[in-house]
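What follows is the content of data.txt, which has compact mmCIF, C-alpha atoms:
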```txt
# COMPACT_ATOMS: atom_id res chain seq x y z
CA MET J 1 7.35 22.03 -0.95
CA ALA J 2 6.33 18.54 -0.07
CA PHE J 3 6.39 17.57 -3.73
CA GLY J 4 10.17 17.86 -3.63
CA ILE J 5 10.22 14.83 -1.39
CA ALA J 6 7.65 12.93 -3.41
CA ALA J 7 9.41 13.60 -6.70
CA THR J 8 12.69 12.05 -5.63
CA LYS J 9 13.65 8.76 -4.08
CA LEU J 10 14.26 9.62 -0.45
CA GLN J 11 17.20 7.90 1.18
CA ARG J 12 17.05 6.26 4.58
CA TYR J 13 18.19 9.34 6.46
CA ASP J 14 16.77 8.26 9.80
CA ASP J 15 19.03 5.19 9.79
CA TYR J 16 22.06 7.28 8.80
CA THR J 17 21.34 9.91 11.43
CA THR J 18 20.93 7.33 14.19
CA MET J 19 24.08 5.50 13.14
CA CYS J 20 26.13 8.70 13.01
CA LYS J 21 24.80 9.90 16.34
CA GLU J 22 25.77 6.66 18.06
CA GLN J 23 29.01 5.85 16.25
CA SER J 24 30.46 9.38 16.22
CA LEU J 25 30.48 9.36 20.01
CA ARG J 26 32.47 6.10 20.00
CA SER J 27 35.05 6.79 17.32
CA ALA J 28 36.68 9.80 15.69
CA ASP J 29 37.01 7.78 12.47
CA TRP J 30 33.24 7.32 12.42
CA ALA J 31 32.72 10.99 13.21
CA TYR J 32 34.90 12.04 10.27
CA THR J 33 33.12 9.55 7.99
CA CYS J 34 29.74 10.93 9.05
CA LEU J 35 31.02 14.47 8.64
CA GLY J 36 32.05 13.66 5.06
CA TYR J 37 28.69 12.07 4.34
CA GLY J 38 26.87 15.08 5.80
CA GLU J 39 28.91 17.44 3.63
CA LEU J 40 28.13 15.34 0.56
CA ALA J 41 24.40 15.31 1.36
CA GLU J 42 24.42 19.07 1.90
CA ASN J 43 26.31 19.86 -1.29
CA GLN J 44 24.73 17.34 -3.65
CA GLY J 45 21.25 16.94 -2.18
CA LYS J 46 18.41 17.80 -4.54
CA THR J 47 15.72 18.29 -1.91
CA ASP J 48 15.51 20.66 1.03
CA ILE J 49 15.21 17.71 3.38
CA SER J 50 18.40 16.07 2.11
CA VAL J 51 20.32 19.32 2.58
CA THR J 52 18.83 19.82 6.04
CA ILE J 53 19.62 16.27 7.14
CA GLY J 54 23.13 16.58 5.71
CA ARG J 55 23.68 19.57 7.97
CA ALA J 56 22.16 17.73 10.94
CA ILE J 57 24.58 14.82 10.42
CA GLN J 58 27.50 17.27 10.21
CA LYS J 59 26.31 18.85 13.46
CA LEU J 60 26.28 15.46 15.22
CA ALA J 61 29.77 14.63 13.98
CA LEU J 62 31.25 18.03 14.82
CA GLU J 63 29.74 17.94 18.32
CA ALA J 64 31.34 14.53 18.88
CA LEU J 65 34.67 15.85 17.58
CA GLY J 66 34.44 19.04 19.65
CA GLU J 67 35.08 21.24 16.58
CA GLU J 68 33.22 24.34 17.70
CA ASP J 69 34.29 26.66 14.83
CA LYS J 70 33.11 24.27 12.13
CA LEU J 71 29.97 23.57 14.13
CA ALA J 72 29.22 27.30 14.27
CA ALA J 73 29.64 27.53 10.48
CA VAL J 74 27.15 24.67 9.95
CA LYS J 75 24.67 26.37 12.28
CA GLU J 76 25.08 29.64 10.34
CA ARG J 77 24.38 27.88 7.02
CA ARG J 78 21.34 26.22 8.56
CA GLN J 79 20.00 29.58 9.77
CA ALA J 80 20.69 31.24 6.40
CA PHE J 81 18.83 28.40 4.68
CA ARG J 82 15.83 28.86 6.98
CA GLN J 83 15.79 32.58 6.29
CA GLU J 84 16.05 31.97 2.54
CA ARG J 85 13.04 29.64 2.72
CA LEU J 86 11.05 32.26 4.64
CA ASP J 87 12.02 34.89 2.07
CA ASP J 88 10.93 32.52 -0.73
CA ILE J 89 7.40 32.41 0.65
CA GLY J 90 6.95 36.13 -0.03
CA LYS J 91 3.86 37.86 -1.31
CA ASP J 92 3.34 35.67 -4.40
CA HIS J 93 3.39 32.33 -2.59
CA ALA J 94 -0.38 31.79 -2.73
CA ILE J 95 -0.71 32.51 -6.44
CA ILE J 96 2.38 30.42 -7.25
CA GLU J 97 0.83 27.41 -5.54
CA ARG J 98 -2.57 27.99 -7.16
CA LEU J 99 -1.02 28.16 -10.61
CA MET J 100 1.09 25.08 -10.00
CA PHE J 101 -1.87 22.98 -8.89
CA SER J 102 -4.27 24.30 -11.51
CA ASN J 103 -1.95 23.97 -14.50
CA PRO J 104 -0.76 20.43 -15.30
CA THR J 105 1.96 21.74 -17.62
CA ILE J 106 3.48 23.90 -14.90
CA PHE J 107 3.14 21.12 -12.33
CA SER J 108 4.86 18.59 -14.61
CA ALA J 109 7.64 21.05 -15.38
CA TYR J 110 8.07 21.69 -11.65
CA LEU J 111 8.49 17.98 -10.94
CA ALA J 112 10.91 17.57 -13.85
CA THR J 113 12.93 20.56 -12.65
CA ILE J 114 13.24 19.03 -9.18
CA ARG J 115 14.93 16.00 -10.71
CA THR J 116 17.33 18.02 -12.85
CA HIS J 117 18.02 21.12 -10.72
CA GLY J 118 16.83 20.23 -7.23
CA GLU J 119 14.07 21.66 -5.12
CA ALA J 120 15.54 25.18 -4.91
CA GLY J 121 15.91 25.28 -8.70
CA ALA J 122 12.33 24.12 -9.12
CA ARG J 123 11.07 26.85 -6.79
CA ALA J 124 13.02 29.45 -8.79
CA TYR J 125 11.56 28.06 -12.04
CA LEU J 126 8.07 28.21 -10.58
CA ALA J 127 8.51 31.82 -9.43
CA ASP J 128 9.87 32.86 -12.85
CA GLU J 129 7.08 31.07 -14.68
CA THR J 130 4.47 32.69 -12.42
CA ARG J 131 5.91 36.14 -13.06
CA ARG J 132 5.85 35.47 -16.82
CA LEU J 133 2.22 34.33 -16.67
CA LEU J 134 1.25 37.36 -14.59
CA ARG J 135 2.80 39.67 -17.21
CA GLU J 136 1.10 37.87 -20.10
CA HIS J 137 -2.29 37.34 -18.41
CA LEU J 138 -3.12 40.44 -16.43
CA GLU J 139 -6.35 38.91 -15.16
CA LEU J 140 -4.30 36.52 -13.02
CA ALA J 141 -2.85 39.45 -11.10
CA CYS J 142 -6.28 39.99 -9.52
CA GLU J 143 -5.81 36.73 -7.60
CA ARG J 144 -2.90 38.10 -5.61
```

Reformat the file's structure so that it appears as structure tokens.
Amino acid sequence: MAFGIAATKLQRYDDYTTMCKEQSLRSADWAYTCLGYGELAENQGKTDISVTIGRAIQKLALEALGEEDKLAAVKERRQAFRQERLDDIGKDHAIIERLMFSNPTIFSAYLATIRTHGEAGARAYLADETRRLLREHLELACER
């Protein structure tokens, strides 16, 4: 969700991506440095965009290094991530968003959870909270 970006201080990924694209082609040392940064962004990023850009930076570095096996693994993780996001949308997506925007307590908890557990953790919290509310307030189930 876009709020994942708004709730965290977004780094200057465009600058990093441009630098890695240009420098990785010139120097293997730069390519390995960018690869390390991309791995760090993927593994420690709290937002979907930071993880995605981390993978993109790895892709640039691995292409420059000609490491096809590792590049294929990054592409597989990227595809699995896309599929996971599509699966997350699911049948309850509309009601989850309605509850989040209509309930300030849930919305605040969502934003706080982004900071502590990342965007994926916040989505999981939101889905769990929605399921709990649907069990406790049967009238909400009509909105599905």

Write out as an mmCIF file with C-alpha atoms, in the coordinates of the input which residues come within 9 Å of J:Thr116 when counting all atoms listed in the file, dropping same-chain ones fewer than 5 positions away.
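Saved result, part39.cif, follows:
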```
data_model
loop_
_atom_site.group_PDB
_atom_site.id
_atom_site.type_symbol
_atom_site.label_atom_id
_atom_site.label_comp_id
_atom_site.auth_asym_id
_atom_site.auth_seq_id
_atom_site.Cartn_x
_atom_site.Cartn_y
_atom_site.Cartn_z
ATOM 1 C CA LYS J 46 18.410 17.800 -4.540
ATOM 2 C CA GLY J 121 15.910 25.280 -8.700
ATOM 3 C CA ALA J 122 12.330 24.120 -9.120
#
```

Return the single residue from J:Phe81, J:Phe107, J:Tyr37, J:Phe101 that is closest to J:Ala120, with distances computed using only C-alpha atoms.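 Among the listed residues, the smallest separation from J:Ala120 belongs to J:Phe81.
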
Within 10 Å of J:Leu99, counting only C-alpha atoms, which residues show up once you throw out same-chain ones fewer than 3 positions away? Write them as a PDB file with C-alpha atoms, keeping the file's coordinate frame, please.
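Output file around_37.pdb is given in full below:
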```pdb
ATOM      1  CA  ALA J  94      -0.380  31.790  -2.730  1.00  0.00           C
ATOM      2  CA  ILE J  95      -0.710  32.510  -6.440  1.00  0.00           C
ATOM      3  CA  ILE J  96       2.380  30.420  -7.250  1.00  0.00           C
ATOM      4  CA  SER J 102      -4.270  24.300 -11.510  1.00  0.00           C
ATOM      5  CA  ASN J 103      -1.950  23.970 -14.500  1.00  0.00           C
ATOM      6  CA  PRO J 104      -0.760  20.430 -15.300  1.00  0.00           C
ATOM      7  CA  THR J 105       1.960  21.740 -17.620  1.00  0.00           C
ATOM      8  CA  ILE J 106       3.480  23.900 -14.900  1.00  0.00           C
ATOM      9  CA  PHE J 107       3.140  21.120 -12.330  1.00  0.00           C
ATOM     10  CA  LEU J 126       8.070  28.210 -10.580  1.00  0.00           C
ATOM     11  CA  GLU J 129       7.080  31.070 -14.680  1.00  0.00           C
ATOM     12  CA  THR J 130       4.470  32.690 -12.420  1.00  0.00           C
ATOM     13  CA  LEU J 133       2.220  34.330 -16.670  1.00  0.00           C
ATOM     14  CA  LEU J 140      -4.300  36.520 -13.020  1.00  0.00           C
TER      15      LEU J 140
END
```

Of J:Arg77, J:Thr47, J:Glu63, J:Gly54, the one sitting nearest J:Thr113 when using only C-alpha atoms is J:Thr47

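All residues of protein, DNA or RNA that reach within 10 Å of J:Ala31, judged by all atoms listed in the file and not counting those fewer than 5 positions away in the chain, are Cys20, Lys21, Glu22, Gln23, Ser24, Leu25, Arg26, Gly36, Tyr37, Ile57, Gln58, Leu60, Ala61, Leu62, Glu63, Ala64 and Leu65 of chain J.
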
Would you output that residue set with C-alpha atoms, as a short mmCIF file (atom, residue, chain, number, x, y, z; two decimals), in the coordinates of the input?
```
data_model
loop_
_atom_site.label_atom_id
_atom_site.label_comp_id
_atom_site.auth_asym_id
_atom_site.auth_seq_id
_atom_site.Cartn_x
_atom_site.Cartn_y
_atom_site.Cartn_z
CA CYS J 20 26.13 8.70 13.01
CA LYS J 21 24.80 9.90 16.34
CA GLU J 22 25.77 6.66 18.06
CA GLN J 23 29.01 5.85 16.25
CA SER J 24 30.46 9.38 16.22
CA LEU J 25 30.48 9.36 20.01
CA ARG J 26 32.47 6.10 20.00
CA GLY J 36 32.05 13.66 5.06
CA TYR J 37 28.69 12.07 4.34
CA ILE J 57 24.58 14.82 10.42
CA GLN J 58 27.50 17.27 10.21
CA LEU J 60 26.28 15.46 15.22
CA ALA J 61 29.77 14.63 13.98
CA LEU J 62 31.25 18.03 14.82
CA GLU J 63 29.74 17.94 18.32
CA ALA J 64 31.34 14.53 18.88
CA LEU J 65 34.67 15.85 17.58
#
```

Quick one, how far is atom CA of J:Ala73 from atom CA of J:Glu39?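 These atoms are spaced 12.2 Å apart.
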